[in-house]
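Peer 1: Input file: start-v3.cif. Contents: mmCIF, C-alpha atoms and all ligand atoms.
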```cif
data_run
loop_
_atom_site.label_atom_id
_atom_site.label_comp_id
_atom_site.auth_asym_id
_atom_site.auth_seq_id
_atom_site.Cartn_x
_atom_site.Cartn_y
_atom_site.Cartn_z
CA MET A 608 58.15 132.84 218.60
CA LYS A 609 60.04 135.69 220.20
CA HIS A 610 58.68 138.98 218.98
CA ILE A 611 55.19 140.38 218.38
CA ALA A 612 54.66 143.84 216.88
CA VAL A 613 51.34 145.66 217.15
CA ILE A 614 49.87 148.50 215.08
CA MET A 615 47.54 150.22 217.52
CA ASP A 616 45.10 151.75 215.02
CA GLY A 617 41.52 152.90 215.46
CA ASN A 618 41.70 155.12 218.55
CA GLY A 619 40.07 158.16 216.98
CA ARG A 620 37.21 156.14 215.47
CA TRP A 621 36.64 154.41 218.81
CA ALA A 622 35.99 157.76 220.47
CA VAL A 623 33.95 159.24 217.62
CA LYS A 624 31.70 156.15 217.65
CA ARG A 625 30.90 157.05 221.27
CA GLY A 626 30.26 160.72 220.48
CA ARG A 627 33.52 161.75 222.18
CA GLU A 628 36.51 163.76 220.99
CA ARG A 629 39.25 161.83 219.19
CA SER A 630 41.66 162.70 222.01
CA VAL A 631 39.54 160.57 224.36
CA GLY A 632 40.39 157.65 222.09
CA TYR A 633 44.11 158.20 222.68
CA ARG A 634 43.67 157.97 226.44
CA PHE A 635 41.71 154.73 226.09
CA GLY A 636 44.30 153.52 223.58
CA ALA A 637 47.02 154.17 226.15
CA ARG A 638 45.03 152.19 228.73
CA ALA A 639 44.76 149.32 226.28
CA LEU A 640 48.53 149.46 225.84
CA MET A 641 49.01 149.07 229.60
CA ARG A 642 46.70 146.02 229.58
CA LEU A 643 48.80 144.58 226.77
CA ALA A 644 52.00 145.37 228.71
CA GLU A 645 50.68 143.47 231.76
CA ASP A 646 49.66 140.54 229.54
CA PHE A 647 53.10 140.59 227.87
CA LEU A 648 54.64 139.54 231.22
CA SER A 649 52.98 136.15 230.91
CA PHE A 650 53.15 135.67 227.12
CA PRO A 651 55.90 133.32 225.92
CA ILE A 652 57.71 136.05 223.95
CA SER A 653 60.70 138.24 224.77
CA THR A 654 59.98 141.32 222.70
CA LEU A 655 56.89 143.42 222.16
CA THR A 656 56.93 146.39 219.80
CA VAL A 657 54.06 148.86 219.56
CA TYR A 658 53.46 151.55 216.95
CA ALA A 659 52.40 154.69 218.80
CA PHE A 660 53.02 157.50 216.29
CA SER A 661 54.27 157.46 212.69
CA THR A 662 56.36 160.07 210.89
CA GLU A 663 53.33 160.52 208.60
CA ASN A 664 51.05 161.23 211.58
CA ASN A 665 52.77 164.66 211.69
CA LYS A 666 50.52 165.54 208.72
CA ARG A 667 47.50 165.67 211.06
CA ASP A 668 46.33 169.02 212.36
CA SER A 669 48.63 170.46 214.99
CA LYS A 670 46.05 170.23 217.78
CA GLU A 671 45.67 166.49 217.27
CA VAL A 672 49.43 165.98 217.06
CA SER A 673 50.01 167.87 220.31
CA ASN A 674 47.16 165.96 221.99
CA ILE A 675 48.72 162.66 221.03
CA PHE A 676 52.18 163.74 222.21
CA SER A 677 50.79 164.91 225.53
CA VAL A 678 48.99 161.59 226.09
CA ILE A 679 52.24 159.75 225.24
CA ALA A 680 54.28 161.98 227.57
CA SER A 681 51.97 161.61 230.54
CA PHE A 682 51.55 157.86 230.05
CA LEU A 683 55.29 157.30 229.85
CA LEU A 684 55.80 159.04 233.18
CA SER A 685 52.77 157.77 235.06
CA GLU A 686 52.42 154.25 233.67
CA VAL A 687 55.12 152.92 231.34
CA PHE A 688 58.26 153.86 233.30
CA PRO A 689 56.87 152.58 236.64
CA PHE A 690 55.62 149.40 234.92
CA CYS A 691 59.07 148.68 233.46
CA GLN A 692 60.83 149.37 236.75
CA LYS A 693 58.43 147.27 238.78
CA ASN A 694 58.57 144.30 236.43
CA GLY A 695 62.17 144.42 235.20
CA VAL A 696 61.19 145.08 231.59
CA ALA A 697 63.76 146.83 229.39
CA LEU A 698 62.30 149.76 227.49
CA ARG A 699 63.52 150.94 224.13
CA PHE A 700 62.29 153.65 221.77
CA ILE A 701 62.59 153.55 218.00
CA GLY A 702 61.88 156.31 215.50
CA ASN A 703 63.17 159.76 214.74
CA LEU A 704 63.39 160.81 218.38
CA ASP A 705 65.59 163.86 217.70
CA ALA A 706 62.70 165.48 215.88
CA LEU A 707 60.27 165.17 218.81
CA PRO A 708 59.18 168.30 220.68
CA ASP A 709 61.67 169.10 223.47
CA ASP A 710 59.46 168.16 226.41
CA LEU A 711 58.65 164.71 225.00
CA LYS A 712 62.25 164.21 223.88
CA GLN A 713 63.45 164.87 227.44
CA ILE A 714 61.00 162.34 228.82
CA VAL A 715 62.08 159.74 226.26
CA GLU A 716 65.71 160.42 227.19
CA SER A 717 64.92 159.92 230.87
CA ASN A 718 64.07 156.26 230.13
CA PRO A 719 65.03 154.39 233.31
CA ALA A 720 67.71 151.92 232.24
CA VAL A 721 66.16 148.67 233.40
CA SER A 722 67.66 145.42 232.19
CA GLY A 723 65.53 142.34 232.00
CA GLU A 724 64.63 139.32 229.95
CA LYS A 725 61.80 141.13 228.23
CA THR A 726 61.95 144.25 226.09
CA LEU A 727 59.13 146.64 225.34
CA VAL A 728 59.82 148.72 222.23
CA ILE A 729 57.77 151.84 221.56
CA ALA A 730 57.82 153.34 218.07
CA ILE A 731 57.31 157.10 218.28
CA ASN A 732 57.74 159.34 215.25
CA TYR A 733 58.73 156.14 213.47
CA GLY A 734 58.61 155.62 209.74
CA GLY A 735 60.35 152.78 207.93
CA SER A 736 61.52 154.94 205.04
CA ASP A 737 62.86 157.56 207.46
CA GLU A 738 64.64 154.82 209.41
CA ILE A 739 66.34 153.54 206.26
CA LEU A 740 67.57 157.05 205.39
CA ARG A 741 68.89 157.51 208.92
CA ALA A 742 70.61 154.10 208.70
CA TYR A 743 72.23 155.23 205.46
CA GLU A 744 73.54 158.38 207.18
CA LYS A 745 74.84 156.35 210.14
CA MET A 746 76.69 154.00 207.78
CA LYS A 747 78.17 156.93 205.90
CA GLU A 748 79.48 158.37 209.17
CA LYS A 749 81.03 155.01 210.00
CA GLY A 750 82.74 154.92 206.61
CA ILE A 751 80.72 151.94 205.37
CA VAL A 752 80.57 152.54 201.62
CA ARG A 753 79.37 149.17 200.38
CA PRO A 754 77.01 147.96 203.07
CA THR A 755 76.19 144.30 203.47
CA GLU A 756 72.67 143.30 204.52
CA LYS A 757 74.08 142.84 208.03
CA ASP A 758 75.44 146.42 208.01
CA LEU A 759 72.02 147.67 206.99
CA TYR A 760 70.15 145.77 209.71
CA ASP A 761 72.81 146.71 212.28
CA ASN A 762 72.16 150.37 211.60
CA LEU A 763 68.39 150.29 211.78
CA ASP A 764 66.74 151.51 215.00
CA THR A 765 65.94 147.88 215.82
CA ALA A 766 69.59 146.73 215.80
CA GLY A 767 70.01 143.75 218.11
CA LEU A 768 66.30 142.96 218.39
CA PRO A 769 64.86 139.78 216.91
CA MET A 770 62.77 140.20 213.74
CA PRO A 771 59.03 140.33 214.50
CA ASP A 772 57.52 136.86 214.09
CA ALA A 773 54.02 138.29 213.90
CA VAL A 774 52.54 141.70 213.20
CA LEU A 775 49.00 142.43 214.41
CA ARG A 776 47.11 145.35 213.03
CA TYR A 777 43.99 146.62 214.78
CA GLY A 778 41.51 149.04 213.26
CA GLY A 779 40.26 147.20 210.18
CA TYR A 780 42.80 148.13 207.50
CA LYS A 781 45.11 145.59 205.92
CA ARG A 782 48.28 147.59 205.48
CA LEU A 783 51.52 148.27 207.33
CA SER A 784 51.57 152.10 207.11
CA ASN A 785 55.38 152.38 207.00
CA PHE A 786 55.88 150.10 210.03
CA LEU A 787 59.13 148.09 210.13
CA PRO A 788 59.35 147.42 206.35
CA LEU A 789 62.73 145.65 206.44
CA GLN A 790 62.08 143.83 209.70
CA THR A 791 58.75 142.31 208.63
CA ILE A 792 59.95 140.67 205.41
CA TYR A 793 59.13 137.23 206.84
CA SER A 794 56.61 138.17 209.52
CA GLU A 795 53.20 136.54 209.67
CA LEU A 796 50.49 139.20 209.39
CA PHE A 797 47.32 139.19 211.49
CA PHE A 798 44.54 141.72 211.01
CA ILE A 799 42.32 142.09 214.06
CA ASP A 800 38.91 143.43 213.19
CA LYS A 801 38.60 145.62 216.28
CA LEU A 802 39.53 149.17 217.20
CA TRP A 803 42.66 149.32 219.35
CA PRO A 804 41.05 150.46 222.65
CA ASP A 805 39.04 147.20 222.55
CA TYR A 806 42.25 145.13 222.83
CA ASP A 807 41.78 141.91 224.76
CA ARG A 808 44.33 139.33 225.92
CA SER A 809 42.54 136.64 223.91
CA ASP A 810 43.49 138.46 220.66
CA ILE A 811 47.16 137.68 221.24
CA GLU A 812 46.52 134.25 222.69
CA LYS A 813 44.78 133.36 219.44
CA VAL A 814 47.68 134.71 217.37
CA ILE A 815 50.20 132.71 219.43
CA SER A 816 48.11 129.58 218.97
CA ASP A 817 47.55 130.14 215.21
CA PHE A 818 51.23 130.94 214.76
CA SER A 819 52.26 127.58 216.19
CA ASP A 820 50.49 125.86 213.25
CA ILE A 821 52.25 127.90 210.56
CA LYS A 822 55.20 126.41 208.75
CA ARG A 823 57.75 129.11 208.05
CA ASN A 824 60.14 128.61 205.15
CA PHE A 825 62.12 131.88 204.91
CA GLY A 826 62.46 131.13 201.22
CA GLY A 827 63.96 127.70 201.81
CA ASN A 828 62.67 124.25 200.86
CA ASN A 829 59.08 123.55 201.81
CA ALA A 830 60.03 120.03 202.87
C1 LIG B 901 46.21 155.33 215.66
O1 LIG B 901 44.92 155.80 215.91
C2 LIG B 901 47.20 155.89 216.62
C3 LIG B 901 47.84 157.13 216.21
C4 LIG B 901 48.01 157.54 214.99
C5 LIG B 901 48.37 157.95 217.28
P1 LIG B 901 44.24 156.77 214.88
O2 LIG B 901 44.38 158.17 215.37
O3 LIG B 901 44.80 156.56 213.52
O4 LIG B 901 42.72 156.36 214.93
P2 LIG B 901 41.77 156.23 213.67
O5 LIG B 901 42.40 155.24 212.74
O6 LIG B 901 41.66 157.59 213.07
O7 LIG B 901 40.50 155.72 214.25
C1 LIG B 902 49.19 153.65 211.75
O1 LIG B 902 47.91 154.19 211.80
C2 LIG B 902 50.08 154.37 212.72
C3 LIG B 902 49.86 154.05 214.12
C4 LIG B 902 49.01 153.22 214.59
C5 LIG B 902 50.71 154.77 215.03
P1 LIG B 902 47.45 155.35 210.79
O2 LIG B 902 46.08 155.71 211.16
O3 LIG B 902 48.47 156.43 210.80
O4 LIG B 902 47.55 154.61 209.39
P2 LIG B 902 46.86 155.02 208.01
O5 LIG B 902 47.10 156.48 207.81
O6 LIG B 902 45.40 154.70 208.14
O7 LIG B 902 47.53 154.14 207.00
MG MG B 903 44.29 155.38 211.95
#
```
Spell out the structure here as structure tokens.
Peer 2:
Amino acid sequence: MKHIAVIMDGNGRWAVKRGRERSVGYRFGARALMRLAEDFLSFPISTLTVYAFSTENNKRDSKEVSNIFSVIASFLLSEVFPFCQKNGVALRFIGNLDALPDDLKQIVESNPAVSGEKTLVIAINYGGSDEILRAYEKMKEKGIVRPTEKDLYDNLDTAGLPMPDAVLRYGGYKRLSNFLPLQTIYSELFFIDKLWPDYDRSDIEKVISDFSDIKRNFGGNNA
């Protein structure tokens, strides 16, 4: 197993359950992400992808959207960038980054280029259908008229990353919400019946252990 992808859902409900504003849930969700990032250092995987904001999340009211972006911006600067630099973790962003508000876009572009054995991938303003359309445009610009499957995967935002072996969704729903549709075609799906701010290391330890018992066929013989 190389790559785990996590859908960090349930932040708003976590806060509302405690009689707090939804935005409080985003701050606690960001703290949970930093716990996961620390745990990632000792998990036997090379790649961790987290879903922070979807293209469809732009449908929410503008106050909530700007709250979420400001939590992301401040956490990148105060926590994520220093974490990656301190621990030699490469950081990559996927999603429609050009469409982000200027201040957040500048922060994303100031990603300190750290190289390391592990890669943290943050999906911001990411939508699988949007990614496929952008891949199509990229291929057109490169003059690729009859793309192979390899051309398609090479032009997705995730080019060069391993496919996720496992996807974990927090928050109670059993759906992917436009997350990595082409990359998860053979992923094992795990639904964690907890709200994201309640993330605990044992959630992933259990997934890693359960995963080791699964026989993966990728469509081949089930010998
Ligand atoms: C998911 O949390 C993270 C983002 C969309 C930023 P939600 O905001 O969807 O929280 P719930 O699902 O409403 O509780
Ligand atoms: C998925 O959660 C997106 C992220 C966690 C960033 P949503 O809350 O947007 O998903 P839906 O709308 O319930 O499917
Ligand atoms: Mg949600």
Peer 1: At a cut-off of 10 Å and counting only C-alpha atoms and all ligand atoms, what residues surround ligand MG 903 (chain B)? Please answer as a PyMOL selection string.
Peer 2: chain A and resi 614-620+660+664+777-780+784+802-803
Peer 1: Those same residues, written as an mmCIF file, in the frame of the given file with C-alpha atoms?
Peer 2:
```
data_model
loop_
_atom_site.group_PDB
_atom_site.id
_atom_site.type_symbol
_atom_site.label_atom_id
_atom_site.label_comp_id
_atom_site.auth_asym_id
_atom_site.auth_seq_id
_atom_site.Cartn_x
_atom_site.Cartn_y
_atom_site.Cartn_z
ATOM 1 C CA ILE A 614 49.870 148.500 215.080
ATOM 2 C CA MET A 615 47.540 150.220 217.520
ATOM 3 C CA ASP A 616 45.100 151.750 215.020
ATOM 4 C CA GLY A 617 41.520 152.900 215.460
ATOM 5 C CA ASN A 618 41.700 155.120 218.550
ATOM 6 C CA GLY A 619 40.070 158.160 216.980
ATOM 7 C CA ARG A 620 37.210 156.140 215.470
ATOM 8 C CA PHE A 660 53.020 157.500 216.290
ATOM 9 C CA ASN A 664 51.050 161.230 211.580
ATOM 10 C CA TYR A 777 43.990 146.620 214.780
ATOM 11 C CA GLY A 778 41.510 149.040 213.260
ATOM 12 C CA GLY A 779 40.260 147.200 210.180
ATOM 13 C CA TYR A 780 42.800 148.130 207.500
ATOM 14 C CA SER A 784 51.570 152.100 207.110
ATOM 15 C CA LEU A 802 39.530 149.170 217.200
ATOM 16 C CA TRP A 803 42.660 149.320 219.350
#
```
Peer 1: Go ahead and compute the interatomic distance for CA of Ala742 (chain A) and CA of Asp764 (chain A), in Å to one decimal.
Peer 2: 7.8 Å
Peer 1: I need every residue sitting at most 10 Å from the point (55.6, 158.6, 227.1) (coordinates as in the file, only C-alpha atoms considered), written as a short mmCIF file (atom, residue, chain, number, x, y, z; two decimals) with C-alpha atoms, in the frame of the given file.
Peer 2:
```
data_model
loop_
_atom_site.label_atom_id
_atom_site.label_comp_id
_atom_site.auth_asym_id
_atom_site.auth_seq_id
_atom_site.Cartn_x
_atom_site.Cartn_y
_atom_site.Cartn_z
CA ALA A 637 47.02 154.17 226.15
CA ALA A 659 52.40 154.69 218.80
CA PHE A 676 52.18 163.74 222.21
CA SER A 677 50.79 164.91 225.53
CA VAL A 678 48.99 161.59 226.09
CA ILE A 679 52.24 159.75 225.24
CA ALA A 680 54.28 161.98 227.57
CA SER A 681 51.97 161.61 230.54
CA PHE A 682 51.55 157.86 230.05
CA LEU A 683 55.29 157.30 229.85
CA LEU A 684 55.80 159.04 233.18
CA SER A 685 52.77 157.77 235.06
CA GLU A 686 52.42 154.25 233.67
CA VAL A 687 55.12 152.92 231.34
CA PHE A 688 58.26 153.86 233.30
CA PHE A 700 62.29 153.65 221.77
CA LEU A 711 58.65 164.71 225.00
CA LYS A 712 62.25 164.21 223.88
CA ILE A 714 61.00 162.34 228.82
CA VAL A 715 62.08 159.74 226.26
CA ASN A 718 64.07 156.26 230.13
CA ILE A 729 57.77 151.84 221.56
CA ILE A 731 57.31 157.10 218.28
#
```
Peer 1: Pick out the closest residue to Ala706 (chain A) from this set: A:Thr654, A:Asn828, A:Thr662, A:Ser819. Count all atoms listed in the file.
Peer 2: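 Of A:Thr654, A:Asn828, A:Thr662, A:Ser819, the one nearest Ala706 (chain A), counting all atoms listed in the file, is A:Thr662.
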Peer 1: Which residue out of A:Ser669, A:Ala644, A:Val613, A:Lys749 has the minimum interatomic distance to Ala730 (chain A) when only C-alpha atoms are used?
Peer 2: A:Val613
Peer 1: Counting only C-alpha atoms and all ligand atoms, which of A:Asp705, A:Glu645, A:Glu663, A:Asp807 gets nearest to ligand LIG 902 (chain B)?
Peer 2: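 Smallest distance to ligand LIG 902 (chain B) is found for A:Glu663.
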Peer 1: Would you be able to write out as a CSV table (one decimal) with C-alpha atoms, keeping the file's coordinate frame which residues have an atom within 10 Å of (43.5, 143.3, 222.5) in the file's coordinates, counting only C-alpha atoms?
Peer 2:
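Saved result, point17.csv, follows:
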```csv
chain,number,residue,atom,x,y,z
A,613,VAL,CA,51.3,145.7,217.2
A,615,MET,CA,47.5,150.2,217.5
A,639,ALA,CA,44.8,149.3,226.3
A,640,LEU,CA,48.5,149.5,225.8
A,642,ARG,CA,46.7,146.0,229.6
A,643,LEU,CA,48.8,144.6,226.8
A,646,ASP,CA,49.7,140.5,229.5
A,775,LEU,CA,49.0,142.4,214.4
A,777,TYR,CA,44.0,146.6,214.8
A,799,ILE,CA,42.3,142.1,214.1
A,801,LYS,CA,38.6,145.6,216.3
A,802,LEU,CA,39.5,149.2,217.2
A,803,TRP,CA,42.7,149.3,219.4
A,804,PRO,CA,41.0,150.5,222.6
A,805,ASP,CA,39.0,147.2,222.6
A,806,TYR,CA,42.2,145.1,222.8
A,807,ASP,CA,41.8,141.9,224.8
A,808,ARG,CA,44.3,139.3,225.9
A,809,SER,CA,42.5,136.6,223.9
A,810,ASP,CA,43.5,138.5,220.7
A,811,ILE,CA,47.2,137.7,221.2
A,812,GLU,CA,46.5,134.2,222.7
```
Peer 1: Separation of atom P2 of ligand LIG 901 (chain B) and CA of Ser673 (chain A), in Å?
Peer 2: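 The value is 15.7 Å.
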Peer 1: For ligand LIG 902 (chain B), which residue out of A:Pro771, A:Gly626, A:Gly695, A:Gly636 is the nearest one, using all atoms listed in the file?
Peer 2: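 Residue with the minimum atom-to-atom distance to ligand LIG 902 (chain B): A:Gly636.
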Peer 1: Which of these residues is nearest to Pro769 (chain A), using all atoms listed in the file: A:Val672, A:Phe797, A:Thr791, A:Phe647?
Peer 2: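 Nearest to Pro769 (chain A): A:Thr791.
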Peer 1: Under the rule that all atoms listed in the file are counted, which of A:Gly734, A:Gly723, A:Pro788, A:Pro689 is the nearest residue to ligand LIG 901 (chain B)?
Peer 2: A:Gly734
Peer 1: What does the distance from CA of Ile739 (chain A) to CA of Val752 (chain A) come to in Å, to one decimal?
Peer 2: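 Going from CA of Ile739 (chain A) over to CA of Val752 (chain A) covers 15.0 Å.
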Peer 1: For Met770 (chain A), please output as a list in words all residues within 9 Å (counting all atoms listed in the file; exclusion window: fewer than 6 positions along the same chain).
Peer 2: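 Using all atoms listed in the file, the neighbours found are Lys609, His610, Ile611, Gln790, Thr791, Ile792, Tyr793 and Ser794 of chain A.
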Peer 1: Complete the atoms of region 741-752 of chain A to all heavy atoms and put them out as a JSON list (two decimals), keeping the file's coordinate frame.
Peer 2:
```json
[["chain", "number", "residue", "atom", "x", "y", "z"],
["A", 741, "ARG", "N", 68.01, 157.25, 207.78],
["A", 741, "ARG", "CA", 68.89, 157.51, 208.92],
["A", 741, "ARG", "C", 69.97, 156.43, 209.03],
["A", 741, "ARG", "O", 71.12, 156.71, 209.39],
["A", 741, "ARG", "CB", 68.09, 157.65, 210.23],
["A", 741, "ARG", "CG", 67.32, 158.98, 210.29],
["A", 741, "ARG", "CD", 66.61, 159.23, 211.61],
["A", 741, "ARG", "NE", 65.51, 158.31, 211.83],
["A", 741, "ARG", "CZ", 65.55, 157.24, 212.60],
["A", 741, "ARG", "NH1", 66.63, 156.95, 213.30],
["A", 741, "ARG", "NH2", 64.50, 156.43, 212.72],
["A", 742, "ALA", "N", 69.62, 155.18, 208.69],
["A", 742, "ALA", "CA", 70.61, 154.10, 208.70],
["A", 742, "ALA", "C", 71.71, 154.40, 207.66],
["A", 742, "ALA", "O", 72.90, 154.19, 207.92],
["A", 742, "ALA", "CB", 69.94, 152.76, 208.40],
["A", 743, "TYR", "N", 71.28, 154.89, 206.53],
["A", 743, "TYR", "CA", 72.23, 155.23, 205.46],
["A", 743, "TYR", "C", 73.21, 156.30, 205.95],
["A", 743, "TYR", "O", 74.41, 156.21, 205.76],
["A", 743, "TYR", "CB", 71.41, 155.72, 204.26],
["A", 743, "TYR", "CG", 72.19, 156.32, 203.12],
["A", 743, "TYR", "CD1", 72.85, 155.49, 202.21],
["A", 743, "TYR", "CD2", 72.27, 157.69, 202.96],
["A", 743, "TYR", "CE1", 73.57, 156.05, 201.16],
["A", 743, "TYR", "CE2", 72.97, 158.26, 201.91],
["A", 743, "TYR", "CZ", 73.63, 157.43, 201.02],
["A", 743, "TYR", "OH", 74.34, 157.99, 199.99],
["A", 744, "GLU", "N", 72.67, 157.33, 206.63],
["A", 744, "GLU", "CA", 73.54, 158.38, 207.18],
["A", 744, "GLU", "C", 74.50, 157.82, 208.22],
["A", 744, "GLU", "O", 75.67, 158.17, 208.26],
["A", 744, "GLU", "CB", 72.70, 159.51, 207.82],
["A", 744, "GLU", "CG", 71.94, 160.37, 206.82],
["A", 744, "GLU", "CD", 72.85, 161.07, 205.81],
["A", 744, "GLU", "OE1", 73.98, 161.46, 206.18],
["A", 744, "GLU", "OE2", 72.44, 161.21, 204.63],
["A", 745, "LYS", "N", 73.98, 156.94, 209.10],
["A", 745, "LYS", "CA", 74.84, 156.35, 210.14],
["A", 745, "LYS", "C", 75.98, 155.57, 209.50],
["A", 745, "LYS", "O", 77.12, 155.63, 209.94],
["A", 745, "LYS", "CB", 74.04, 155.40, 211.04],
["A", 745, "LYS", "CG", 73.12, 156.08, 212.04],
["A", 745, "LYS", "CD", 72.53, 155.01, 212.99],
["A", 745, "LYS", "CE", 71.04, 155.24, 213.20],
["A", 745, "LYS", "NZ", 70.35, 154.13, 213.85],
["A", 746, "MET", "N", 75.65, 154.82, 208.43],
["A", 746, "MET", "CA", 76.69, 154.00, 207.78],
["A", 746, "MET", "C", 77.73, 154.89, 207.12],
["A", 746, "MET", "O", 78.92, 154.61, 207.17],
["A", 746, "MET", "CB", 76.04, 153.04, 206.77],
["A", 746, "MET", "CG", 75.25, 151.94, 207.47],
["A", 746, "MET", "SD", 74.69, 150.62, 206.38],
["A", 746, "MET", "CE", 73.37, 151.42, 205.48],
["A", 747, "LYS", "N", 77.25, 155.99, 206.54],
["A", 747, "LYS", "CA", 78.17, 156.93, 205.90],
["A", 747, "LYS", "C", 79.17, 157.47, 206.93],
["A", 747, "LYS", "O", 80.37, 157.52, 206.70],
["A", 747, "LYS", "CB", 77.37, 158.08, 205.27],
["A", 747, "LYS", "CG", 77.86, 158.45, 203.89],
["A", 747, "LYS", "CD", 76.91, 159.34, 203.12],
["A", 747, "LYS", "CE", 76.67, 160.68, 203.80],
["A", 747, "LYS", "NZ", 75.80, 161.55, 203.01],
["A", 748, "GLU", "N", 78.61, 157.85, 208.10],
["A", 748, "GLU", "CA", 79.48, 158.37, 209.17],
["A", 748, "GLU", "C", 80.50, 157.34, 209.63],
["A", 748, "GLU", "O", 81.61, 157.68, 210.02],
["A", 748, "GLU", "CB", 78.64, 158.80, 210.38],
["A", 748, "GLU", "CG", 78.13, 160.22, 210.28],
["A", 748, "GLU", "CD", 77.11, 160.53, 211.35],
["A", 748, "GLU", "OE1", 77.23, 159.98, 212.47],
["A", 748, "GLU", "OE2", 76.18, 161.31, 211.06],
["A", 749, "LYS", "N", 80.10, 156.07, 209.57],
["A", 749, "LYS", "CA", 81.03, 155.01, 210.00],
["A", 749, "LYS", "C", 81.98, 154.61, 208.88],
["A", 749, "LYS", "O", 82.78, 153.69, 209.05],
["A", 749, "LYS", "CB", 80.24, 153.76, 210.45],
["A", 749, "LYS", "CG", 79.43, 153.97, 211.71],
["A", 749, "LYS", "CD", 78.62, 152.70, 212.03],
["A", 749, "LYS", "CE", 77.67, 152.94, 213.18],
["A", 749, "LYS", "NZ", 76.71, 151.83, 213.35],
["A", 750, "GLY", "N", 81.86, 155.23, 207.73],
["A", 750, "GLY", "CA", 82.74, 154.92, 206.61],
["A", 750, "GLY", "C", 82.38, 153.63, 205.89],
["A", 750, "GLY", "O", 83.21, 153.03, 205.20],
["A", 751, "ILE", "N", 81.15, 153.16, 206.06],
["A", 751, "ILE", "CA", 80.72, 151.94, 205.37],
["A", 751, "ILE", "C", 80.21, 152.36, 203.99],
["A", 751, "ILE", "O", 79.15, 152.96, 203.88],
["A", 751, "ILE", "CB", 79.61, 151.22, 206.16],
["A", 751, "ILE", "CG1", 80.10, 150.85, 207.56],
["A", 751, "ILE", "CG2", 79.11, 149.98, 205.40],
["A", 751, "ILE", "CD1", 79.01, 150.33, 208.50],
["A", 752, "VAL", "N", 80.98, 152.07, 202.95],
["A", 752, "VAL", "CA", 80.57, 152.54, 201.62],
["A", 752, "VAL", "C", 79.78, 151.50, 200.84],
["A", 752, "VAL", "O", 78.91, 151.82, 200.05],
["A", 752, "VAL", "CB", 81.76, 153.04, 200.77],
["A", 752, "VAL", "CG1", 82.15, 154.46, 201.15],
["A", 752, "VAL", "CG2", 82.95, 152.11, 200.87]]
```
